[in-house]
$ cat upload.tsv   # TSV, C-alpha atoms
chain	number	residue	atom	x	y	z
A	650	MET	CA	0.00	0.00	0.00
A	651	LYS	CA	2.83	2.39	0.91
A	652	ALA	CA	4.57	1.64	-2.38
A	653	LYS	CA	1.40	2.51	-4.35
A	654	LEU	CA	0.97	5.74	-2.40
A	655	TYR	CA	4.61	6.66	-2.99
A	656	LEU	CA	4.32	5.88	-6.72
A	657	SER	CA	1.12	7.96	-6.93
A	658	LEU	CA	2.84	10.93	-5.28
A	659	VAL	CA	5.81	10.67	-7.66
A	660	LEU	CA	3.49	10.56	-10.70
A	661	LEU	CA	1.46	13.50	-9.37
A	662	PHE	CA	4.65	15.53	-8.81
A	663	ALA	CA	5.96	14.69	-12.31
A	664	LEU	CA	2.63	15.60	-13.91
A	665	SER	CA	2.40	18.93	-12.06
A	666	PHE	CA	6.01	19.77	-12.99
A	667	SER	CA	5.26	18.99	-16.64
A	668	LEU	CA	2.13	21.18	-16.57
A	669	GLN	CA	4.07	24.05	-14.99
A	670	ALA	CA	6.75	23.75	-17.69
A	671	GLN	CA	4.09	23.92	-20.41
A	672	ARG	CA	2.34	26.81	-18.71
A	673	PHE	CA	5.41	29.04	-18.62
A	674	ALA	CA	6.95	27.78	-21.90
A	675	ASP	CA	10.60	28.36	-22.77
A	676	ASP	CA	12.83	31.05	-21.31
A	677	ILE	CA	13.60	33.99	-23.58
A	678	LEU	CA	17.23	35.01	-23.83
A	679	LEU	CA	17.61	38.77	-24.23
A	680	HIS	CA	21.35	39.06	-23.68
A	681	GLU	CA	24.10	36.70	-22.61
A	682	CYS	CA	26.87	37.80	-20.23
A	683	ASP	CA	29.95	36.06	-18.95
A	684	SER	CA	30.48	35.63	-15.22
A	685	GLU	CA	32.80	38.58	-14.55
A	686	TYR	CA	29.84	41.00	-14.64
A	687	ARG	CA	27.13	41.75	-12.09
A	688	ILE	CA	23.66	42.02	-13.60
A	689	GLU	CA	20.71	44.07	-12.33
A	690	PRO	CA	17.52	43.54	-14.39
A	691	GLN	CA	14.38	45.68	-14.12
A	692	ILE	CA	10.99	45.34	-15.80
A	693	SER	CA	8.15	47.80	-16.45
A	694	VAL	CA	4.91	47.28	-18.37
A	695	ALA	CA	3.01	50.07	-20.13
A	696	ASP	CA	-0.78	50.21	-19.84
A	697	ASN	CA	-1.13	48.88	-23.40
A	698	GLY	CA	0.74	45.71	-22.40
A	699	TRP	CA	4.10	46.50	-23.97
A	700	ILE	CA	6.89	45.01	-21.86
A	701	TYR	CA	10.12	46.88	-21.20
A	702	VAL	CA	13.18	45.23	-19.66
A	703	MET	CA	16.34	47.02	-18.56
A	704	MET	CA	19.57	45.06	-18.25
A	705	ASN	CA	22.26	46.80	-16.24
A	706	LYS	CA	25.59	44.97	-16.61
A	707	TYR	CA	28.65	46.20	-14.76
A	708	SER	CA	32.06	45.28	-13.37
A	709	GLU	CA	34.80	47.22	-11.61
A	710	SER	CA	36.14	48.60	-14.89
A	711	SER	CA	33.15	48.86	-17.24
A	712	ALA	CA	29.39	49.09	-17.39
A	713	GLU	CA	26.64	49.07	-19.97
A	714	THR	CA	22.88	49.40	-19.88
A	715	ARG	CA	20.38	48.10	-22.42
A	716	ILE	CA	16.62	48.51	-22.64
A	717	TYR	CA	14.52	45.99	-24.59
A	718	ARG	CA	10.88	46.24	-25.65
A	719	SER	CA	8.29	43.63	-26.56
A	720	THR	CA	5.11	44.69	-28.33
A	721	ASP	CA	3.78	41.12	-28.73
A	722	GLY	CA	3.34	39.99	-25.14
A	723	GLY	CA	6.90	38.84	-24.64
A	724	VAL	CA	7.20	36.57	-27.68
A	725	THR	CA	9.98	38.71	-29.14
A	726	PHE	CA	12.10	41.55	-27.77
A	727	GLN	CA	13.97	44.33	-29.56
A	728	GLN	CA	16.83	46.35	-28.07
A	729	ILE	CA	15.84	50.03	-28.13
A	730	MET	CA	18.57	51.63	-26.00
A	731	TYR	CA	22.25	50.97	-25.38
A	732	GLN	CA	24.48	53.04	-23.11
A	733	VAL	CA	28.14	52.51	-22.18
A	734	ILE	CA	29.58	54.29	-19.18
A	735	PRO	CA	32.16	56.92	-20.21
A	736	ALA	CA	35.82	56.28	-19.49
A	737	GLY	CA	36.93	57.66	-16.13
A	738	ASN	CA	33.56	56.99	-14.52
A	739	THR	CA	32.15	54.30	-12.26
A	740	GLN	CA	28.51	53.39	-12.01
A	741	GLY	CA	26.32	54.68	-9.19
A	742	GLY	CA	23.03	52.99	-10.08
A	743	ARG	CA	20.39	52.63	-12.81
A	744	ASP	CA	16.59	52.36	-12.76
A	745	PHE	CA	13.62	53.07	-15.04
A	746	VAL	CA	9.84	53.17	-15.25
A	747	VAL	CA	7.41	53.44	-18.16
A	748	THR	CA	4.28	55.62	-18.25
A	749	GLY	CA	1.56	55.72	-20.89
A	750	ASN	CA	-1.01	53.57	-22.66
A	751	SER	CA	-0.33	54.03	-26.39
A	752	GLU	CA	2.61	54.50	-28.69
A	753	SER	CA	1.87	58.22	-28.89
A	754	ASN	CA	2.07	58.93	-25.14
A	755	ILE	CA	4.35	56.22	-23.71
A	756	LYS	CA	7.45	57.66	-22.06
A	757	ILE	CA	10.47	55.79	-20.73
A	758	TRP	CA	11.90	57.50	-17.63
A	759	TYR	CA	15.51	56.33	-17.15
A	760	VAL	CA	17.51	57.58	-14.15
A	761	TYR	CA	21.23	56.91	-13.92
A	762	ALA	CA	24.02	57.96	-11.57
A	763	ASP	CA	27.76	58.00	-12.29
A	764	ASN	CA	30.89	58.89	-10.36
A	765	ASN	CA	33.69	60.77	-12.09
A	766	THR	CA	36.91	59.29	-10.72
A	767	ALA	CA	39.07	62.17	-11.96
A	768	THR	CA	37.07	65.07	-10.48
A	769	GLY	CA	35.38	63.24	-7.59
A	770	ASN	CA	31.98	64.51	-8.69
A	771	ALA	CA	28.76	62.53	-8.43
A	772	ASN	CA	26.38	63.06	-11.37
A	773	VAL	CA	22.70	62.07	-11.59
A	774	TYR	CA	20.61	62.27	-14.77
A	775	LEU	CA	16.93	61.63	-15.50
A	776	MET	CA	16.34	60.92	-19.19
A	777	LYS	CA	12.92	60.85	-20.88
A	778	MET	CA	12.49	58.85	-24.10
A	779	ASP	CA	9.67	57.98	-26.49
A	780	ALA	CA	8.10	54.51	-26.65
A	781	ASP	CA	10.78	53.22	-29.04
A	782	GLY	CA	13.74	54.68	-27.10
A	783	SER	CA	14.16	57.64	-29.47
A	784	ASN	CA	14.15	61.39	-28.77
A	785	GLY	CA	15.97	61.06	-25.46
A	786	THR	CA	16.16	64.32	-23.54
A	787	THR	CA	17.52	65.11	-20.09
A	788	ALA	CA	14.49	65.96	-17.94
A	789	TYR	CA	16.59	66.72	-14.85
A	790	SER	CA	20.22	66.47	-13.73
A	791	TYR	CA	22.51	67.55	-10.92
A	792	SER	CA	26.11	67.17	-9.80
A	793	VAL	CA	27.67	67.16	-6.31
A	794	ASP	CA	31.39	67.74	-5.68
A	795	GLN	CA	33.52	65.21	-3.79
A	796	THR	CA	30.64	62.78	-3.39
A	797	VAL	CA	30.06	59.15	-4.38
A	798	ASN	CA	26.73	57.89	-5.75
A	799	HIS	CA	25.64	54.42	-4.64
A	800	ASP	CA	22.20	53.73	-6.12
A	801	VAL	CA	19.05	55.25	-7.62
A	802	ALA	CA	15.37	54.24	-7.70
A	803	ILE	CA	12.42	55.73	-9.58
A	804	SER	CA	8.66	55.35	-9.15
A	805	THR	CA	5.37	56.88	-10.24
A	806	ASN	CA	1.79	56.82	-8.98
A	807	ALA	CA	0.36	56.27	-12.47
A	808	ARG	CA	1.61	54.42	-15.47
A	809	SER	CA	-0.97	55.92	-17.78
A	810	PRO	CA	-1.34	59.70	-18.15
A	811	HIS	CA	-5.01	59.62	-19.10
A	812	ASP	CA	-7.64	62.09	-17.84
A	813	THR	CA	-8.30	60.48	-14.45
A	814	TRP	CA	-4.59	60.50	-13.50
A	815	LEU	CA	-3.53	63.89	-14.84
A	816	PRO	CA	-1.25	65.20	-13.70
A	817	PHE	CA	0.62	62.12	-12.46
A	818	THR	CA	3.48	62.21	-9.96
A	819	ILE	CA	6.91	60.78	-10.67
A	820	GLY	CA	10.01	60.86	-8.50
A	821	PHE	CA	13.39	59.32	-7.94
A	822	ALA	CA	15.77	58.93	-5.01
A	823	ALA	CA	19.57	58.80	-5.14
A	824	SER	CA	21.83	57.63	-2.33
A	825	SER	CA	25.36	59.00	-1.92
A	826	ASN	CA	27.99	59.80	0.65
A	827	TYR	CA	30.40	62.65	1.35
A	828	ASN	CA	33.24	61.41	3.59
A	829	ASP	CA	31.46	59.66	6.49
A	830	THR	CA	28.04	61.25	5.91
A	831	GLY	CA	25.37	59.52	3.84
A	832	TYR	CA	22.63	61.31	1.91
A	833	ILE	CA	19.36	60.50	0.18
A	834	ASP	CA	18.30	63.06	-2.43
A	835	TYR	CA	14.68	62.93	-3.57
A	836	VAL	CA	13.62	64.63	-6.81
A	837	PHE	CA	9.94	64.71	-7.79
A	838	SER	CA	7.40	66.09	-10.24
A	839	ILE	CA	3.69	66.55	-9.54
A	840	ASP	CA	2.87	67.79	-13.05
A	841	GLY	CA	3.55	64.66	-15.09
A	842	GLY	CA	7.27	65.26	-15.51
A	843	ALA	CA	7.02	68.82	-16.87
A	844	THR	CA	9.04	70.26	-13.96
A	845	PHE	CA	11.09	68.67	-11.18
A	846	ASN	CA	12.00	69.84	-7.68

$ encode --input "upload.tsv" --output "structure tokens"
Amino acid sequence: MKAKLYLSLVLLFALSFSLQAQRFADDILLHECDSEYRIEPQISVADNGWIYVMMNKYSESSAETRIYRSTDGGVTFQQIMYQVIPAGNTQGGRDFVVTGNSESNIKIWYVYADNNTATGNANVYLMKMDADGSNGTTAYSYSVDQTVNHDVAISTNARSPHDTWLPFTIGFAASSNYNDTGYIDYVFSIDGGATFN
């Protein structure tokens, strides 16, 4: 009796594993990296269902960031942004969020922080791009002398800037230190990204 019960449990486990594998299908490879890099992925989905994935790949000596977009529910992805950290800089964090519900109003909000090793300055930039990664403009930036950036994070209270959410709020935080003192800077907009404080 115990052997039949054990066999039934094994078959049930195998069947459920097989169903789970079919449910989630195959993994999708967006980019392959060797083991010397650290990877920080992020995902954001627009209100029309388009999927955006950011891959932040970095090591002690280099860093690059890529953003991919899928307009077919994740079946295929296309790289729409590629950024390499300038020489003489180290990375101080990357994050992004997507707002909008159609190709005409989707915006990619990409915040990144770098540290200039020659000058000792910490630089933070917020870039706004169209749905396909084009027309990138700097929405906000600042620099602090003799400071080191550590990380950034961005968030919004509305992904879709339609009538019931206008104007939406968007903000980001950046962590840094000057000597032994740590800081968190918070930059926000309450008018849908038109102005930042």

$ closest_residue --input "upload.tsv" --among "A:Ala762, A:Val694, A:Val836, A:Ile700" --to "Tyr774 in chain A" --atoms "all atoms listed in the file"
A:Ala762

$ closest_atom_pairs --input "upload.tsv" --of "range 701-742 of chain A" --to "range 758-761 of chain A" --cutoff "10 Å" --atoms "all atoms listed in the file" --output "tab-separated table"
residue	atom	partner	partner_atom	distance
A:Met703	CA	A:Tyr759	CA	9.5
A:Thr714	CA	A:Tyr761	CA	9.7
A:Ile716	CA	A:Tyr759	CA	9.6
A:Gln740	CA	A:Tyr761	CA	8.3
A:Gly741	CA	A:Tyr761	CA	7.3
A:Gly742	CA	A:Tyr761	CA	5.8

$ atom_distance --input "upload.tsv" --atom1 "CA of Asp696 in chain A" --atom2 "CA of Val733 in chain A"
29.1 Å

$ axis_aligned_box --input "upload.tsv" --around "range 682-697 of chain A" --padding-each-side "8 Å" --output "AutoDock Vina command-line options"
--center_x 15.8 --center_y 42.9 --center_z -17.7 --size_x 49.9 --size_y 30.6 --size_z 27.3

$ residues_around --input "upload.tsv" --residues "Thr844 in chain A" --least-positions-apart "5" --cutoff "12 Å" --atoms "all atoms listed in the file" --output "count of residues only"
14

$ closest_residue --input "upload.tsv" --among "A:Gln795, A:Asn705, A:Asn754, A:Gln691" --to "Met778 in chain A" --atoms "only C-alpha atoms"
A:Asn754

$ atom_distance --input "upload.tsv" --atom1 "CA of Asn738 in chain A" --atom2 "CA of Ile803 in chain A"
21.7 Å

$ closest_residue --input "upload.tsv" --among "A:Ala802, A:Val797, A:Ile688, A:Ala780" --to "Gly831 in chain A" --atoms "only C-alpha atoms"
A:Val797
